[in-house]
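Student: My questions will all concern the structure given below.
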Amino acid sequence: MSAGKIRPAGSLSTLDLDRSDFTELRAGNLGVRLATTDAERDAAQALRYRVFFEEMGAIPDAQALATKRDVDEFDEYADHLLVIDHAISSGAEGVVGTYRLLQSEGAARLGHFYSQGEFDISPLTEFPGRLLEVGRSCIDPGYRGRAAMQLLWRGIATYIFLYRIDVLFGCASLGGTDPDALSDQLTYLYQNHLAPPALRVRALPERRIEMLREDPHTLDYRACLAKLPPLIKGYLRLGGFVGDGAVIDPQFGTTDVAVLVKSELMADKYYRHYERRLRDALD
């Protein structure tokens, strides 16, 4: 596989690789790998509950409140990327970061992607390539420096190489449910990072919030970029795009935008660092 290239869609079934093909990446005491046990998946769900519900104020349903876990129907069909602090434990007790990865096959078994509750993603589902939906990203407050987030990005990059993903996408959140308070960020994203028509995901009409909310020529672009959450800035640095229209998520207290990245853009950025590791894994 040459640098920056992804093998044609359909050239590899997920059945051809098991989770052990994903070799853990390390940075000091921290490592990133896929969950392989029920205990590790449970630890990811517990971390999600602590961050989303206890820290960020999302509204739990009765089951989440009783179990102190953030669990939904998509978890069973997804892979769970973990950041592990080996100084604590090399197993479930060491989970300090997580990201959920749902491939097309998993969504097909369930019947839909998570994003379809907020956005019309038909431009992606009709796209002739392999899709990966990412979501439920969170990091323990004590690990929110650069190292853990970089490890998650490295893990996602490795995953897209292993599984020949063509487009990565998902919902990304801005804090708060008042679009007027977010008007400069939404306008900036729409004006500067709108996806090309062939891949332009759109908010569902009944949930749509317009993103172009003020005159873009009056914006301080540097200030707008600084206000964006680190996760959205990460997508943009990889050459990512946003969809047309935002959606309010009242349970999580956020305003969501659709984000997508063509995976060769990630390949261009990361491949030179991991060429040897990935070639060995794919031989």
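All residue names refer to the structure tokens as shown: chains lettered A, B, ... in order, residues numbered from 1 in each chain, ligands numbered from 1 in order.
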Tell me, as a PyMOL selection string, which residues lie within 7 Å of segment 130-138 of chain A, counting only C-alpha atoms; anything in the same chain fewer than 6 positions away does not count.
Tutor: chain A and resi 9+48+51+97-104+165-171
Student: Mind checking DSSP for segment 4-146 of chain A and telling me the strand (DSSP E) residues as a PDB file with C-alpha atoms, in the first residue's frame?
Tutor:
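What follows is the written file result.pdb:
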ATOM      1  CA  LEU A  25       0.643   2.190  20.256  1.00  0.00           C
ATOM      2  CA  ARG A  26       2.559   3.590  23.230  1.00  0.00           C
ATOM      3  CA  ALA A  27       3.673   7.010  24.421  1.00  0.00           C
ATOM      4  CA  LEU A  30      -0.032   5.691  27.917  1.00  0.00           C
ATOM      5  CA  GLY A  31      -1.130   3.281  25.229  1.00  0.00           C
ATOM      6  CA  VAL A  32      -3.982   3.165  22.726  1.00  0.00           C
ATOM      7  CA  ARG A  33      -5.681  -0.042  21.562  1.00  0.00           C
ATOM      8  CA  LEU A  34      -9.086  -1.589  21.012  1.00  0.00           C
ATOM      9  CA  ASP A  79     -15.272  -1.127  18.326  1.00  0.00           C
ATOM     10  CA  HIS A  80     -14.143   0.851  21.353  1.00  0.00           C
ATOM     11  CA  LEU A  81     -10.787   2.589  21.130  1.00  0.00           C
ATOM     12  CA  LEU A  82      -9.156   2.982  24.546  1.00  0.00           C
ATOM     13  CA  VAL A  83      -6.384   5.071  26.018  1.00  0.00           C
ATOM     14  CA  ILE A  84      -4.804   3.056  28.831  1.00  0.00           C
ATOM     15  CA  ASP A  85      -2.587   4.394  31.616  1.00  0.00           C
ATOM     16  CA  VAL A  95      -8.927   3.228  30.912  1.00  0.00           C
ATOM     17  CA  VAL A  96      -8.600   7.031  30.779  1.00  0.00           C
ATOM     18  CA  GLY A  97      -9.890   7.794  27.277  1.00  0.00           C
ATOM     19  CA  THR A  98     -12.219   6.293  24.708  1.00  0.00           C
ATOM     20  CA  TYR A  99     -13.658   6.748  21.211  1.00  0.00           C
ATOM     21  CA  ARG A 100     -16.404   4.646  19.632  1.00  0.00           C
ATOM     22  CA  LEU A 101     -15.840   3.372  16.074  1.00  0.00           C
ATOM     23  CA  LEU A 102     -18.787   2.024  14.061  1.00  0.00           C
ATOM     24  CA  GLN A 103     -18.144   0.555  10.614  1.00  0.00           C
ATOM     25  CA  PHE A 119     -28.577  14.282   9.831  1.00  0.00           C
ATOM     26  CA  ASP A 120     -29.421  13.036   6.358  1.00  0.00           C
ATOM     27  CA  LEU A 131     -17.508   4.331   6.107  1.00  0.00           C
ATOM     28  CA  LEU A 132     -16.473   4.736   9.725  1.00  0.00           C
ATOM     29  CA  GLU A 133     -18.649   6.664  12.153  1.00  0.00           C
ATOM     30  CA  VAL A 134     -16.794   8.005  15.172  1.00  0.00           C
ATOM     31  CA  GLY A 135     -18.364   9.301  18.351  1.00  0.00           C
ATOM     32  CA  ARG A 136     -18.649   9.248  22.145  1.00  0.00           C
ATOM     33  CA  SER A 137     -15.139  10.658  22.472  1.00  0.00           C
ATOM     34  CA  CYS A 138     -14.039  11.532  25.981  1.00  0.00           C
ATOM     35  CA  ILE A 139     -10.916  11.726  28.138  1.00  0.00           C
TER      36      ILE A 139
END
Student: When distances are computed from only C-alpha atoms, which of A:Ala157, A:Ala44, A:Leu204, A:Val257 shows the smallest separation from Ala92 of chain A?
Tutor: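 Once distances to Ala92 of chain A are computed over only C-alpha atoms, the minimum belongs to A:Ala44.
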Student: Could you list, as a VMD selection string, every residue within 9 Å of Asp42 of chain A, counting only C-alpha atoms and ignoring same-chain residues fewer than 5 positions away?
Tutor: chain A and resid 37 47 69 71 92
Student: Would you write out those residues with C-alpha atoms, as a compact mmCIF listing (two decimals), in the first residue's frame?
Tutor:
# COMPACT_ATOMS: atom_id res chain seq x y z
CA THR A 37 -13.00 -7.71 26.97
CA LEU A 47 -15.86 6.87 31.81
CA ARG A 69 -22.96 3.87 32.61
CA VAL A 71 -24.81 2.73 27.11
CA ALA A 92 -9.94 -2.05 32.50
Student: Please indicate the distance in Å from atom CA of Tyr143 of chain A to atom CA of Ala58 of chain A, rounded to one decimal place.
Tutor: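 It comes out at 20.8 Å.
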Student: Name the closest residue to Ser115 of chain A among the candidates A:Ala246, A:Ala87, A:Ala147, A:Leu238; distances are taken between atoms, counting only C-alpha atoms.
Tutor: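 Checking each of A:Ala246, A:Ala87, A:Ala147, A:Leu238 against Ser115 of chain A, counting only C-alpha atoms, the winner is A:Ala246.
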Student: List every residue of segment 19-113 of chain A that DSSP, applied to the backbone of this structure, assigns to alpha helix (DSSP H), and report them as a VMD selection string.
Tutor: chain A and resid 38 to 49 62 to 67 104 to 110
Student: If we count only C-alpha atoms and set the cut-off at 8 Å, which residues sit around Ile209 of chain A, ignoring sequence neighbours fewer than 5 positions away in its own chain? Please answer as a ChimeraX atom specification.
Tutor: /A:179,203,245-248
Student: Any chance you can output those residues with C-alpha atoms as a short mmCIF file (atom, residue, chain, number, x, y, z; two decimals), in the first residue's frame?
Tutor:
data_model
loop_
_atom_site.label_atom_id
_atom_site.label_comp_id
_atom_site.auth_asym_id
_atom_site.auth_seq_id
_atom_site.Cartn_x
_atom_site.Cartn_y
_atom_site.Cartn_z
CA PRO A 179 -27.43 28.84 18.53
CA ALA A 203 -29.39 18.36 9.11
CA GLY A 245 -27.09 22.77 9.23
CA ALA A 246 -26.68 22.15 12.97
CA VAL A 247 -28.87 20.20 15.40
CA ILE A 248 -29.61 20.83 19.08
#
Student: Point out the residue among A:Leu228, A:Ala62, A:Leu236, A:Val261 with the least atom-to-atom distance to Gly175 of chain A, counting only C-alpha atoms.
Tutor: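 Ranking A:Leu228, A:Ala62, A:Leu236, A:Val261 by distance to Gly175 of chain A, first place goes to A:Leu228.
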Student: Applying 12 Å and only C-alpha atoms, which residues near Phe252 of chain A remain after dropping the ones on its own chain fewer than 4 positions away? List them as a list in words.
Tutor: Arg48, Tyr49, Val51, Phe52, Phe53, Glu54, Glu55, Met56, Gly57, Ala58, Ile59, Pro60, Asp61, Asp70, Arg136, Ala172, Ser173, Leu174, Gly175, Gly176, Thr177, Val247, Ile248 and Asp256 of chain A
Student: Could you save those same residues with C-alpha atoms as an mmCIF file, in the first residue's frame?
Tutor:
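again16.cif, freshly written:
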data_model
loop_
_atom_site.group_PDB
_atom_site.id
_atom_site.type_symbol
_atom_site.label_atom_id
_atom_site.label_comp_id
_atom_site.auth_asym_id
_atom_site.auth_seq_id
_atom_site.Cartn_x
_atom_site.Cartn_y
_atom_site.Cartn_z
ATOM 1 C CA ARG A 48 -18.406 8.210 29.341
ATOM 2 C CA TYR A 49 -20.982 8.482 32.124
ATOM 3 C CA VAL A 51 -17.633 12.836 31.681
ATOM 4 C CA PHE A 52 -20.955 13.358 29.885
ATOM 5 C CA PHE A 53 -23.408 13.147 32.768
ATOM 6 C CA GLU A 54 -21.539 13.946 35.978
ATOM 7 C CA GLU A 55 -19.097 16.519 34.608
ATOM 8 C CA MET A 56 -20.863 18.041 31.595
ATOM 9 C CA GLY A 57 -24.430 17.879 32.874
ATOM 10 C CA ALA A 58 -26.122 15.617 30.317
ATOM 11 C CA ILE A 59 -29.498 14.300 31.464
ATOM 12 C CA PRO A 60 -29.392 10.546 32.221
ATOM 13 C CA ASP A 61 -32.307 8.228 31.621
ATOM 14 C CA ASP A 70 -23.487 5.596 29.254
ATOM 15 C CA ARG A 136 -18.649 9.248 22.145
ATOM 16 C CA ALA A 172 -19.253 16.849 16.830
ATOM 17 C CA SER A 173 -20.570 19.075 19.571
ATOM 18 C CA LEU A 174 -20.410 22.733 20.507
ATOM 19 C CA GLY A 175 -21.277 23.364 24.148
ATOM 20 C CA GLY A 176 -24.701 24.894 24.749
ATOM 21 C CA THR A 177 -28.105 24.835 23.107
ATOM 22 C CA VAL A 247 -28.867 20.203 15.399
ATOM 23 C CA ILE A 248 -29.612 20.832 19.078
ATOM 24 C CA ASP A 256 -24.111 19.331 16.981
#
Student: What does the distance from atom CA of Asp75 of chain A to atom CA of Ser90 of chain A come to in Å, to one decimal?
Tutor: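 So the answer is 21.9 Å.
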